[in-house]
Every structure is written in structure tokens, then in C-alpha cells.
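Asker: Input target_25.cif, format and content: mmCIF, N, CA and C atoms.
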```cif
data_coords
#
loop_
_atom_site.group_PDB
_atom_site.id
_atom_site.type_symbol
_atom_site.label_atom_id
_atom_site.label_comp_id
_atom_site.auth_asym_id
_atom_site.auth_seq_id
_atom_site.Cartn_x
_atom_site.Cartn_y
_atom_site.Cartn_z
ATOM 1 N N MET A 152 -4.193 -14.470 -10.152
ATOM 2 C CA MET A 152 -4.126 -13.094 -9.707
ATOM 3 C C MET A 152 -5.559 -12.548 -9.591
ATOM 4 N N ASN A 153 -5.841 -11.836 -8.492
ATOM 5 C CA ASN A 153 -7.185 -11.301 -8.322
ATOM 6 C C ASN A 153 -7.318 -9.926 -9.005
ATOM 7 N N ASN A 154 -8.522 -9.406 -9.041
ATOM 8 C CA ASN A 154 -8.792 -8.144 -9.740
ATOM 9 C C ASN A 154 -8.011 -6.969 -9.170
ATOM 10 N N VAL A 155 -7.841 -6.934 -7.857
ATOM 11 C CA VAL A 155 -7.096 -5.830 -7.235
ATOM 12 C C VAL A 155 -5.638 -5.868 -7.686
ATOM 13 N N GLU A 156 -5.039 -7.046 -7.695
ATOM 14 C CA GLU A 156 -3.652 -7.168 -8.138
ATOM 15 C C GLU A 156 -3.504 -6.781 -9.606
ATOM 16 N N ILE A 157 -4.464 -7.181 -10.418
ATOM 17 C CA ILE A 157 -4.431 -6.832 -11.847
ATOM 18 C C ILE A 157 -4.527 -5.320 -12.005
ATOM 19 N N ALA A 158 -5.452 -4.695 -11.287
ATOM 20 C CA ALA A 158 -5.614 -3.241 -11.371
ATOM 21 C C ALA A 158 -4.373 -2.521 -10.857
ATOM 22 N N MET A 159 -3.791 -3.032 -9.774
ATOM 23 C CA MET A 159 -2.581 -2.426 -9.223
ATOM 24 C C MET A 159 -1.432 -2.502 -10.235
ATOM 25 N N ASN A 160 -1.268 -3.651 -10.844
ATOM 26 C CA ASN A 160 -0.205 -3.800 -11.842
ATOM 27 C C ASN A 160 -0.425 -2.863 -13.026
ATOM 28 N N HIS A 161 -1.666 -2.692 -13.422
ATOM 29 C CA HIS A 161 -1.985 -1.758 -14.502
ATOM 30 C C HIS A 161 -1.667 -0.324 -14.078
ATOM 31 N N LEU A 162 -2.036 0.037 -12.858
ATOM 32 C CA LEU A 162 -1.728 1.382 -12.350
ATOM 33 C C LEU A 162 -0.225 1.625 -12.323
ATOM 34 N N ILE A 163 0.525 0.644 -11.879
ATOM 35 C CA ILE A 163 1.990 0.766 -11.859
ATOM 36 C C ILE A 163 2.525 1.036 -13.262
ATOM 37 N N GLU A 164 2.035 0.305 -14.238
ATOM 38 C CA GLU A 164 2.483 0.507 -15.617
ATOM 39 C C GLU A 164 2.110 1.901 -16.126
ATOM 40 N N VAL A 165 0.907 2.361 -15.795
ATOM 41 C CA VAL A 165 0.466 3.696 -16.223
ATOM 42 C C VAL A 165 1.347 4.761 -15.577
ATOM 43 N N ILE A 166 1.666 4.582 -14.291
ATOM 44 C CA ILE A 166 2.553 5.534 -13.607
ATOM 45 C C ILE A 166 3.913 5.557 -14.290
ATOM 46 N N LYS A 167 4.477 4.390 -14.562
ATOM 47 C CA LYS A 167 5.791 4.317 -15.198
ATOM 48 C C LYS A 167 5.805 4.939 -16.586
ATOM 49 N N GLU A 168 4.685 4.924 -17.266
ATOM 50 C CA GLU A 168 4.591 5.493 -18.610
ATOM 51 C C GLU A 168 4.300 6.994 -18.596
ATOM 52 N N SER A 169 3.962 7.532 -17.432
ATOM 53 C CA SER A 169 3.586 8.947 -17.357
ATOM 54 C C SER A 169 4.794 9.858 -17.598
ATOM 55 N N GLU A 170 4.522 11.030 -18.140
ATOM 56 C CA GLU A 170 5.580 12.026 -18.375
ATOM 57 C C GLU A 170 6.254 12.422 -17.070
ATOM 58 N N ILE A 171 5.459 12.541 -16.021
ATOM 59 C CA ILE A 171 6.000 12.971 -14.730
ATOM 60 C C ILE A 171 7.018 11.957 -14.216
ATOM 61 N N TYR A 172 6.676 10.685 -14.259
ATOM 62 C CA TYR A 172 7.602 9.653 -13.798
ATOM 63 C C TYR A 172 8.831 9.586 -14.703
ATOM 64 N N GLN A 173 8.617 9.650 -15.995
ATOM 65 C CA GLN A 173 9.734 9.592 -16.939
ATOM 66 C C GLN A 173 10.714 10.750 -16.717
ATOM 67 N N GLU A 174 10.175 11.931 -16.443
ATOM 68 C CA GLU A 174 11.044 13.085 -16.165
ATOM 69 C C GLU A 174 11.814 12.871 -14.866
ATOM 70 N N TYR A 175 11.144 12.327 -13.862
ATOM 71 C CA TYR A 175 11.823 12.035 -12.601
ATOM 72 C C TYR A 175 12.985 11.055 -12.828
ATOM 73 N N VAL A 176 12.735 9.989 -13.554
ATOM 74 C CA VAL A 176 13.784 8.992 -13.820
ATOM 75 C C VAL A 176 14.936 9.622 -14.599
ATOM 76 N N THR A 177 14.606 10.441 -15.590
ATOM 77 C CA THR A 177 15.638 11.122 -16.385
ATOM 78 C C THR A 177 16.518 11.991 -15.498
ATOM 79 N N GLN A 178 15.890 12.786 -14.645
ATOM 80 C CA GLN A 178 16.654 13.686 -13.776
ATOM 81 C C GLN A 178 17.439 12.913 -12.717
ATOM 82 N N LEU A 179 16.877 11.832 -12.215
ATOM 83 C CA LEU A 179 17.587 11.010 -11.242
ATOM 84 C C LEU A 179 18.836 10.402 -11.863
ATOM 85 N N GLU A 180 18.699 9.857 -13.053
ATOM 86 C CA GLU A 180 19.865 9.281 -13.733
ATOM 87 C C GLU A 180 20.913 10.349 -14.030
ATOM 88 N N ARG A 181 20.450 11.524 -14.351
ATOM 89 C CA ARG A 181 21.358 12.643 -14.647
ATOM 90 C C ARG A 181 22.210 12.991 -13.425
ATOM 91 N N VAL A 182 21.599 13.081 -12.252
ATOM 92 C CA VAL A 182 22.384 13.429 -11.066
ATOM 93 C C VAL A 182 23.208 12.246 -10.553
ATOM 94 N N LYS A 183 22.749 11.027 -10.815
ATOM 95 C CA LYS A 183 23.530 9.857 -10.402
ATOM 96 C C LYS A 183 24.869 9.773 -11.140
ATOM 97 N N GLN A 184 24.951 10.425 -12.289
ATOM 98 C CA GLN A 184 26.204 10.440 -13.039
ATOM 99 C C GLN A 184 27.261 11.307 -12.359
ATOM 100 N N GLN A 185 26.833 12.060 -11.360
ATOM 101 C CA GLN A 185 27.743 12.898 -10.579
ATOM 102 C C GLN A 185 27.571 12.530 -9.103
ATOM 103 N N PRO A 186 28.269 11.492 -8.649
ATOM 104 C CA PRO A 186 28.056 10.978 -7.293
ATOM 105 C C PRO A 186 28.182 12.027 -6.181
ATOM 106 N N ASP A 187 29.124 12.947 -6.319
ATOM 107 C CA ASP A 187 29.276 13.980 -5.289
ATOM 108 C C ASP A 187 28.045 14.877 -5.240
ATOM 109 N N LEU A 188 27.539 15.257 -6.400
ATOM 110 C CA LEU A 188 26.344 16.082 -6.460
ATOM 111 C C LEU A 188 25.140 15.313 -5.919
ATOM 112 N N LYS A 189 25.031 14.046 -6.261
ATOM 113 C CA LYS A 189 23.926 13.215 -5.760
ATOM 114 C C LYS A 189 23.969 13.160 -4.239
ATOM 115 N N GLN A 190 25.161 13.029 -3.674
ATOM 116 C CA GLN A 190 25.293 12.995 -2.211
ATOM 117 C C GLN A 190 24.886 14.333 -1.605
ATOM 118 N N GLN A 191 25.261 15.436 -2.245
ATOM 119 C CA GLN A 191 24.863 16.759 -1.754
ATOM 120 C C GLN A 191 23.341 16.927 -1.802
ATOM 121 N N ILE A 192 22.735 16.443 -2.869
ATOM 122 C CA ILE A 192 21.274 16.505 -2.985
ATOM 123 C C ILE A 192 20.630 15.667 -1.883
ATOM 124 N N ASP A 193 21.151 14.481 -1.656
ATOM 125 C CA ASP A 193 20.607 13.618 -0.601
ATOM 126 C C ASP A 193 20.748 14.278 0.769
ATOM 127 N N ASP A 194 21.875 14.923 1.016
ATOM 128 C CA ASP A 194 22.075 15.632 2.281
ATOM 129 C C ASP A 194 21.072 16.775 2.419
ATOM 130 N N PHE A 195 20.877 17.521 1.348
ATOM 131 C CA PHE A 195 19.909 18.612 1.337
ATOM 132 C C PHE A 195 18.512 18.079 1.648
ATOM 133 N N ARG A 196 18.122 17.015 0.977
ATOM 134 C CA ARG A 196 16.789 16.437 1.169
ATOM 135 C C ARG A 196 16.606 15.940 2.601
ATOM 136 N N GLU A 197 17.641 15.314 3.154
ATOM 137 C CA GLU A 197 17.551 14.824 4.526
ATOM 138 C C GLU A 197 17.416 15.980 5.513
ATOM 139 N N ARG A 198 18.234 16.999 5.351
ATOM 140 C CA ARG A 198 18.152 18.163 6.256
ATOM 141 C C ARG A 198 16.796 18.842 6.126
ATOM 142 N N ASN A 199 16.291 18.959 4.900
ATOM 143 C CA ASN A 199 14.999 19.581 4.669
ATOM 144 C C ASN A 199 13.896 18.766 5.347
ATOM 145 N N TYR A 200 13.951 17.453 5.195
ATOM 146 C CA TYR A 200 12.953 16.577 5.814
ATOM 147 C C TYR A 200 12.965 16.730 7.331
ATOM 148 N N VAL A 201 14.137 16.678 7.918
ATOM 149 C CA VAL A 201 14.258 16.802 9.375
ATOM 150 C C VAL A 201 13.713 18.149 9.837
ATOM 151 N N LEU A 202 14.050 19.191 9.118
ATOM 152 C CA LEU A 202 13.570 20.526 9.472
ATOM 153 C C LEU A 202 12.054 20.613 9.385
ATOM 154 N N GLN A 203 11.485 20.050 8.328
ATOM 155 C CA GLN A 203 10.037 20.130 8.120
ATOM 156 C C GLN A 203 9.244 19.266 9.087
ATOM 157 N N THR A 204 9.845 18.201 9.598
ATOM 158 C CA THR A 204 9.111 17.270 10.455
ATOM 159 C C THR A 204 9.502 17.355 11.922
ATOM 160 N N SER A 205 10.368 18.279 12.265
ATOM 161 C CA SER A 205 10.876 18.340 13.639
ATOM 162 C C SER A 205 9.858 18.858 14.635
ATOM 163 N N GLY A 206 8.830 19.522 14.160
ATOM 164 C CA GLY A 206 7.846 20.073 15.073
ATOM 165 C C GLY A 206 8.266 21.401 15.655
ATOM 166 N N GLU A 207 9.517 21.728 15.527
ATOM 167 C CA GLU A 207 10.018 23.004 16.020
ATOM 168 C C GLU A 207 10.614 23.830 14.877
ATOM 169 N N ALA A 208 10.070 23.656 13.698
ATOM 170 C CA ALA A 208 10.576 24.339 12.509
ATOM 171 C C ALA A 208 10.266 25.830 12.611
ATOM 172 N N ALA A 209 11.083 26.511 13.364
ATOM 173 C CA ALA A 209 10.917 27.947 13.531
ATOM 174 C C ALA A 209 11.234 28.658 12.214
ATOM 175 N N PHE A 210 10.550 29.755 12.016
ATOM 176 C CA PHE A 210 10.715 30.519 10.794
ATOM 177 C C PHE A 210 12.171 30.885 10.544
ATOM 178 N N ASP A 211 12.899 31.252 11.594
ATOM 179 C CA ASP A 211 14.296 31.648 11.422
ATOM 180 C C ASP A 211 15.168 30.476 10.980
ATOM 181 N N LYS A 212 14.868 29.268 11.460
ATOM 182 C CA LYS A 212 15.639 28.089 11.037
ATOM 183 C C LYS A 212 15.382 27.777 9.566
ATOM 184 N N ILE A 213 14.128 27.894 9.162
ATOM 185 C CA ILE A 213 13.779 27.649 7.761
ATOM 186 C C ILE A 213 14.441 28.689 6.870
ATOM 187 N N GLU A 214 14.396 29.928 7.292
ATOM 188 C CA GLU A 214 15.011 31.012 6.530
ATOM 189 C C GLU A 214 16.523 30.802 6.401
ATOM 190 N N GLN A 215 17.166 30.406 7.481
ATOM 191 C CA GLN A 215 18.604 30.137 7.461
ATOM 192 C C GLN A 215 18.930 28.990 6.508
ATOM 193 N N PHE A 216 18.132 27.932 6.576
ATOM 194 C CA PHE A 216 18.318 26.779 5.703
ATOM 195 C C PHE A 216 18.197 27.195 4.241
ATOM 196 N N GLU A 217 17.180 27.976 3.907
ATOM 197 C CA GLU A 217 16.980 28.443 2.531
ATOM 198 C C GLU A 217 18.140 29.299 2.051
ATOM 199 N N ARG A 218 18.643 30.172 2.911
ATOM 200 C CA ARG A 218 19.803 31.006 2.540
ATOM 201 C C ARG A 218 21.035 30.146 2.308
ATOM 202 N N GLU A 219 21.236 29.184 3.190
ATOM 203 C CA GLU A 219 22.400 28.303 3.107
ATOM 204 C C GLU A 219 22.442 27.532 1.787
ATOM 205 N N TYR A 220 21.275 27.137 1.282
ATOM 206 C CA TYR A 220 21.203 26.319 0.072
ATOM 207 C C TYR A 220 20.762 27.089 -1.171
ATOM 208 N N GLU A 221 20.691 28.404 -1.074
ATOM 209 C CA GLU A 221 20.205 29.203 -2.205
ATOM 210 C C GLU A 221 21.049 28.989 -3.461
ATOM 211 N N ASP A 222 22.351 29.130 -3.349
ATOM 212 C CA ASP A 222 23.229 28.940 -4.516
ATOM 213 C C ASP A 222 23.182 27.500 -5.018
ATOM 214 N N PHE A 223 23.150 26.559 -4.097
ATOM 215 C CA PHE A 223 23.098 25.141 -4.445
ATOM 216 C C PHE A 223 21.877 24.842 -5.302
ATOM 217 N N ARG A 224 20.730 25.396 -4.923
ATOM 218 C CA ARG A 224 19.483 25.126 -5.637
ATOM 219 C C ARG A 224 19.428 25.801 -7.002
ATOM 220 N N GLU A 225 20.316 26.750 -7.254
ATOM 221 C CA GLU A 225 20.367 27.405 -8.564
ATOM 222 C C GLU A 225 21.074 26.550 -9.606
ATOM 223 N N ASN A 226 21.792 25.531 -9.170
ATOM 224 C CA ASN A 226 22.432 24.600 -10.088
ATOM 225 C C ASN A 226 21.329 23.905 -10.889
ATOM 226 N N PRO A 227 21.375 23.967 -12.228
ATOM 227 C CA PRO A 227 20.305 23.363 -13.041
ATOM 228 C C PRO A 227 20.089 21.872 -12.772
ATOM 229 N N TYR A 228 21.140 21.138 -12.493
ATOM 230 C CA TYR A 228 20.997 19.717 -12.188
ATOM 231 C C TYR A 228 20.164 19.540 -10.913
ATOM 232 N N VAL A 229 20.447 20.369 -9.918
ATOM 233 C CA VAL A 229 19.748 20.291 -8.644
ATOM 234 C C VAL A 229 18.305 20.748 -8.799
ATOM 235 N N SER A 230 18.109 21.915 -9.384
ATOM 236 C CA SER A 230 16.750 22.454 -9.493
ATOM 237 C C SER A 230 15.870 21.577 -10.374
ATOM 238 N N ASP A 231 16.418 21.047 -11.453
ATOM 239 C CA ASP A 231 15.629 20.173 -12.334
ATOM 240 C C ASP A 231 15.252 18.873 -11.627
ATOM 241 N N PHE A 232 16.213 18.305 -10.895
ATOM 242 C CA PHE A 232 15.913 17.073 -10.166
ATOM 243 C C PHE A 232 14.865 17.315 -9.093
ATOM 244 N N LEU A 233 15.040 18.354 -8.283
ATOM 245 C CA LEU A 233 14.104 18.626 -7.200
ATOM 246 C C LEU A 233 12.705 18.924 -7.731
ATOM 247 N N ALA A 234 12.618 19.626 -8.853
ATOM 248 C CA ALA A 234 11.308 19.914 -9.459
ATOM 249 C C ALA A 234 10.649 18.622 -9.950
ATOM 250 N N ALA A 235 11.425 17.755 -10.571
ATOM 251 C CA ALA A 235 10.889 16.479 -11.066
ATOM 252 C C ALA A 235 10.463 15.584 -9.905
ATOM 253 N N GLU A 236 11.267 15.558 -8.865
ATOM 254 C CA GLU A 236 10.928 14.748 -7.695
ATOM 255 C C GLU A 236 9.647 15.266 -7.034
ATOM 256 N N LEU A 237 9.531 16.575 -6.904
ATOM 257 C CA LEU A 237 8.334 17.163 -6.297
ATOM 258 C C LEU A 237 7.089 16.840 -7.122
ATOM 259 N N ALA A 238 7.190 16.959 -8.432
ATOM 260 C CA ALA A 238 6.043 16.649 -9.298
ATOM 261 C C ALA A 238 5.640 15.181 -9.152
ATOM 262 N N PHE A 239 6.617 14.298 -9.101
ATOM 263 C CA PHE A 239 6.322 12.872 -8.942
ATOM 264 C C PHE A 239 5.684 12.597 -7.584
ATOM 265 N N CYS A 240 6.228 13.187 -6.531
ATOM 266 C CA CYS A 240 5.652 12.989 -5.189
ATOM 267 C C CYS A 240 4.219 13.504 -5.132
ATOM 268 N N ARG A 241 3.959 14.643 -5.736
ATOM 269 C CA ARG A 241 2.596 15.181 -5.750
ATOM 270 C C ARG A 241 1.647 14.266 -6.520
ATOM 271 N N MET A 242 2.121 13.710 -7.619
ATOM 272 C CA MET A 242 1.287 12.781 -8.377
ATOM 273 C C MET A 242 0.948 11.565 -7.517
ATOM 274 N N MET A 243 1.932 11.023 -6.819
ATOM 275 C CA MET A 243 1.698 9.858 -5.971
ATOM 276 C C MET A 243 0.759 10.206 -4.814
ATOM 277 N N GLN A 244 0.901 11.394 -4.253
ATOM 278 C CA GLN A 244 -0.008 11.825 -3.189
ATOM 279 C C GLN A 244 -1.433 11.942 -3.714
ATOM 280 N N ASP A 245 -1.583 12.524 -4.902
ATOM 281 C CA ASP A 245 -2.915 12.664 -5.501
ATOM 282 C C ASP A 245 -3.562 11.301 -5.731
ATOM 283 N N ILE A 246 -2.776 10.335 -6.183
ATOM 284 C CA ILE A 246 -3.293 8.974 -6.393
ATOM 285 C C ILE A 246 -3.752 8.391 -5.060
ATOM 286 N N ASN A 247 -2.911 8.521 -4.052
ATOM 287 C CA ASN A 247 -3.245 7.985 -2.733
ATOM 288 C C ASN A 247 -4.502 8.652 -2.171
ATOM 289 N N ILE A 248 -4.577 9.966 -2.256
ATOM 290 C CA ILE A 248 -5.746 10.688 -1.754
ATOM 291 C C ILE A 248 -6.997 10.280 -2.535
ATOM 292 N N GLY A 249 -6.870 10.189 -3.860
ATOM 293 C CA GLY A 249 -8.009 9.805 -4.685
ATOM 294 C C GLY A 249 -8.552 8.438 -4.321
ATOM 295 N N ILE A 250 -7.668 7.482 -4.125
ATOM 296 C CA ILE A 250 -8.094 6.125 -3.758
ATOM 297 C C ILE A 250 -8.714 6.134 -2.361
ATOM 298 N N THR A 251 -8.054 6.788 -1.429
ATOM 299 C CA THR A 251 -8.538 6.818 -0.045
ATOM 300 C C THR A 251 -9.921 7.472 0.044
ATOM 301 N N GLU A 252 -10.107 8.579 -0.661
ATOM 302 C CA GLU A 252 -11.401 9.256 -0.641
ATOM 303 C C GLU A 252 -12.476 8.440 -1.341
ATOM 304 N N ALA A 253 -12.124 7.797 -2.433
ATOM 305 C CA ALA A 253 -13.111 7.039 -3.205
ATOM 306 C C ALA A 253 -13.646 5.836 -2.437
ATOM 307 N N ILE A 254 -12.825 5.256 -1.580
ATOM 308 C CA ILE A 254 -13.294 4.093 -0.819
ATOM 309 C C ILE A 254 -13.759 4.487 0.576
ATOM 310 N N HIS A 255 -13.771 5.785 0.861
ATOM 311 C CA HIS A 255 -14.245 6.316 2.143
ATOM 312 C C HIS A 255 -13.498 5.695 3.321
ATOM 313 N N PHE A 256 -12.176 5.635 3.178
ATOM 314 C CA PHE A 256 -11.323 5.086 4.229
ATOM 315 C C PHE A 256 -11.114 6.148 5.298
ATOM 316 N N GLU A 257 -11.377 5.789 6.539
ATOM 317 C CA GLU A 257 -11.219 6.753 7.643
ATOM 318 C C GLU A 257 -10.115 6.329 8.567
#
```
Represent the structure of the file as C-alpha cells.
Answerer:
Amino acid sequence: MNNVEIAMNHLIEVIKESEIYQEYVTQLERVKQQPDLKQQIDDFRERNYVLQTSGEAAFDKIEQFEREYEDFRENPYVSDFLAAELAFCRMMQDINIGITEAIHFE
């Protein structure tokens, strides 16, 4: 194994040991225990992704989407999972940005 692979494996272990990742896994397992709720969350995430990446995400469409899912997001299982997922995604983005900037990748 070369040095990059060793460092990558170490980074993976550090990520898995982090509080942020552990909270994400905890919340994911929690919602997986309720398959219908997990499916609703997946549908919400897919619709949100499509809306955010469509290029035509008009303010009124976003506002309608937020109103439609307002009660859904108040469910503690949903809000806790989405918060944990967001924190984990931000951590992964920060790692990616940090590596990319440090090696001056253009």
C-alpha cells in the first residue's frame, strides 16, 4: 500500500469516528426503523434536489415546496435526520475543499 492509500484509510477511520458521522449514522438507523417515514424523507430529499438543481428554481416554487413540507419537517425524526445529514455533508465538503485548495487543484 502506498502513502496516499494509507493516509486515505486513516482519514476514513477518523471520519467514521467523528461525532458528526456517528450522529448521522444514529439518525439514519433511527429513520430506517420506520420504512414509510424513510421513504417520505427520500422523496423529500429527491424533490428538494431537483428543485435546487433545475436551474429554474423560482422563488415561488421554493416557497411552495417549503410550505408543503413544513409540517413534515417538524417531525423530530425528520428534522434530526436532516440536520445530521446536513452536518455530515458539510464536513465532507470542507474536507474536499481543504484538500483541493491545499494541492492547488484547478
Asker: When you draw a straight line from atom CA of Phe195 of chain A to atom CA of Thr177 of chain A, how long is it in Å?
Answerer: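 Separation between atom CA of Phe195 of chain A and atom CA of Thr177 of chain A: 19.7 Å.
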Asker: Between A:Gln190, A:Thr204, A:Ser169, A:Asn199, which one has atoms that come closest to Met243 of chain A, using only C-alpha atoms?
Answerer: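 Residue with the minimum atom-to-atom distance to Met243 of chain A: A:Ser169.
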Asker: Could you write out, as a PyMOL selection string, all the residues of chain A that DSSP marks as alpha helix (DSSP H)?
Answerer: chain A and resi 154-168+170-183+186-204+210-219+221-225+227-253
Asker: So how far away is atom C of Ser230 of chain A from atom CA of Gln191 of chain A, in Å?
Answerer: 13.4 Å
Asker: In Å to one decimal, how far is atom CA of Phe232 of chain A from atom CA of Gln178 of chain A?
Answerer: 5.0 Å
Asker: Using the chain letters and numbers from the file, which residues does the PyMOL selection byres ((chain A and resi 234-241) around 7) grab, as a ChimeraX atom specification?
Answerer: /A:171-172,174-175,178,229-233,242-246
Asker: Could I see segment 208-229 of chain A restored to N, CA, C and O atoms, set down as a PDB file, in the frame of the given file?
Answerer:
```pdb
ATOM      1  N   ALA A 208      10.070  23.656  13.698  1.00  0.00           N
ATOM      2  CA  ALA A 208      10.576  24.339  12.509  1.00  0.00           C
ATOM      3  C   ALA A 208      10.266  25.830  12.611  1.00  0.00           C
ATOM      4  O   ALA A 208       9.316  26.327  12.031  1.00  0.00           O
ATOM      5  N   ALA A 209      11.083  26.511  13.364  1.00  0.00           N
ATOM      6  CA  ALA A 209      10.917  27.947  13.531  1.00  0.00           C
ATOM      7  C   ALA A 209      11.234  28.658  12.214  1.00  0.00           C
ATOM      8  O   ALA A 209      12.064  28.203  11.423  1.00  0.00           O
ATOM      9  N   PHE A 210      10.550  29.755  12.016  1.00  0.00           N
ATOM     10  CA  PHE A 210      10.715  30.519  10.794  1.00  0.00           C
ATOM     11  C   PHE A 210      12.171  30.885  10.544  1.00  0.00           C
ATOM     12  O   PHE A 210      12.650  30.792   9.418  1.00  0.00           O
ATOM     13  N   ASP A 211      12.899  31.252  11.594  1.00  0.00           N
ATOM     14  CA  ASP A 211      14.296  31.648  11.422  1.00  0.00           C
ATOM     15  C   ASP A 211      15.168  30.476  10.980  1.00  0.00           C
ATOM     16  O   ASP A 211      16.091  30.640  10.187  1.00  0.00           O
ATOM     17  N   LYS A 212      14.868  29.268  11.460  1.00  0.00           N
ATOM     18  CA  LYS A 212      15.639  28.089  11.037  1.00  0.00           C
ATOM     19  C   LYS A 212      15.382  27.777   9.566  1.00  0.00           C
ATOM     20  O   LYS A 212      16.296  27.413   8.830  1.00  0.00           O
ATOM     21  N   ILE A 213      14.128  27.894   9.162  1.00  0.00           N
ATOM     22  CA  ILE A 213      13.779  27.649   7.761  1.00  0.00           C
ATOM     23  C   ILE A 213      14.441  28.689   6.870  1.00  0.00           C
ATOM     24  O   ILE A 213      15.013  28.353   5.827  1.00  0.00           O
ATOM     25  N   GLU A 214      14.396  29.928   7.292  1.00  0.00           N
ATOM     26  CA  GLU A 214      15.011  31.012   6.530  1.00  0.00           C
ATOM     27  C   GLU A 214      16.523  30.802   6.401  1.00  0.00           C
ATOM     28  O   GLU A 214      17.097  30.971   5.324  1.00  0.00           O
ATOM     29  N   GLN A 215      17.166  30.406   7.481  1.00  0.00           N
ATOM     30  CA  GLN A 215      18.604  30.137   7.461  1.00  0.00           C
ATOM     31  C   GLN A 215      18.930  28.990   6.508  1.00  0.00           C
ATOM     32  O   GLN A 215      19.876  29.052   5.721  1.00  0.00           O
ATOM     33  N   PHE A 216      18.132  27.932   6.576  1.00  0.00           N
ATOM     34  CA  PHE A 216      18.318  26.779   5.703  1.00  0.00           C
ATOM     35  C   PHE A 216      18.197  27.195   4.241  1.00  0.00           C
ATOM     36  O   PHE A 216      19.027  26.818   3.409  1.00  0.00           O
ATOM     37  N   GLU A 217      17.180  27.976   3.907  1.00  0.00           N
ATOM     38  CA  GLU A 217      16.980  28.443   2.531  1.00  0.00           C
ATOM     39  C   GLU A 217      18.140  29.299   2.051  1.00  0.00           C
ATOM     40  O   GLU A 217      18.584  29.173   0.908  1.00  0.00           O
ATOM     41  N   ARG A 218      18.643  30.172   2.911  1.00  0.00           N
ATOM     42  CA  ARG A 218      19.803  31.006   2.540  1.00  0.00           C
ATOM     43  C   ARG A 218      21.035  30.146   2.308  1.00  0.00           C
ATOM     44  O   ARG A 218      21.792  30.354   1.365  1.00  0.00           O
ATOM     45  N   GLU A 219      21.236  29.184   3.190  1.00  0.00           N
ATOM     46  CA  GLU A 219      22.400  28.303   3.107  1.00  0.00           C
ATOM     47  C   GLU A 219      22.442  27.532   1.787  1.00  0.00           C
ATOM     48  O   GLU A 219      23.501  27.311   1.215  1.00  0.00           O
ATOM     49  N   TYR A 220      21.275  27.137   1.282  1.00  0.00           N
ATOM     50  CA  TYR A 220      21.203  26.319   0.072  1.00  0.00           C
ATOM     51  C   TYR A 220      20.762  27.089  -1.171  1.00  0.00           C
ATOM     52  O   TYR A 220      20.522  26.486  -2.212  1.00  0.00           O
ATOM     53  N   GLU A 221      20.691  28.404  -1.074  1.00  0.00           N
ATOM     54  CA  GLU A 221      20.205  29.203  -2.205  1.00  0.00           C
ATOM     55  C   GLU A 221      21.049  28.989  -3.461  1.00  0.00           C
ATOM     56  O   GLU A 221      20.519  28.693  -4.534  1.00  0.00           O
ATOM     57  N   ASP A 222      22.351  29.130  -3.349  1.00  0.00           N
ATOM     58  CA  ASP A 222      23.229  28.940  -4.516  1.00  0.00           C
ATOM     59  C   ASP A 222      23.182  27.500  -5.018  1.00  0.00           C
ATOM     60  O   ASP A 222      23.177  27.254  -6.221  1.00  0.00           O
ATOM     61  N   PHE A 223      23.150  26.559  -4.097  1.00  0.00           N
ATOM     62  CA  PHE A 223      23.098  25.141  -4.445  1.00  0.00           C
ATOM     63  C   PHE A 223      21.877  24.842  -5.302  1.00  0.00           C
ATOM     64  O   PHE A 223      21.954  24.152  -6.312  1.00  0.00           O
ATOM     65  N   ARG A 224      20.730  25.396  -4.923  1.00  0.00           N
ATOM     66  CA  ARG A 224      19.483  25.126  -5.637  1.00  0.00           C
ATOM     67  C   ARG A 224      19.428  25.801  -7.002  1.00  0.00           C
ATOM     68  O   ARG A 224      18.598  25.453  -7.831  1.00  0.00           O
ATOM     69  N   GLU A 225      20.316  26.750  -7.254  1.00  0.00           N
ATOM     70  CA  GLU A 225      20.367  27.405  -8.564  1.00  0.00           C
ATOM     71  C   GLU A 225      21.074  26.550  -9.606  1.00  0.00           C
ATOM     72  O   GLU A 225      20.952  26.799 -10.803  1.00  0.00           O
ATOM     73  N   ASN A 226      21.792  25.531  -9.170  1.00  0.00           N
ATOM     74  CA  ASN A 226      22.432  24.600 -10.088  1.00  0.00           C
ATOM     75  C   ASN A 226      21.329  23.905 -10.889  1.00  0.00           C
ATOM     76  O   ASN A 226      20.419  23.308 -10.307  1.00  0.00           O
ATOM     77  N   PRO A 227      21.375  23.967 -12.228  1.00  0.00           N
ATOM     78  CA  PRO A 227      20.305  23.363 -13.041  1.00  0.00           C
ATOM     79  C   PRO A 227      20.089  21.872 -12.772  1.00  0.00           C
ATOM     80  O   PRO A 227      18.951  21.397 -12.811  1.00  0.00           O
ATOM     81  N   TYR A 228      21.140  21.138 -12.493  1.00  0.00           N
ATOM     82  CA  TYR A 228      20.997  19.717 -12.188  1.00  0.00           C
ATOM     83  C   TYR A 228      20.164  19.540 -10.913  1.00  0.00           C
ATOM     84  O   TYR A 228      19.295  18.675 -10.841  1.00  0.00           O
ATOM     85  N   VAL A 229      20.447  20.369  -9.918  1.00  0.00           N
ATOM     86  CA  VAL A 229      19.748  20.291  -8.644  1.00  0.00           C
ATOM     87  C   VAL A 229      18.305  20.748  -8.799  1.00  0.00           C
ATOM     88  O   VAL A 229      17.375  20.050  -8.396  1.00  0.00           O
TER      89      VAL A 229
END
```
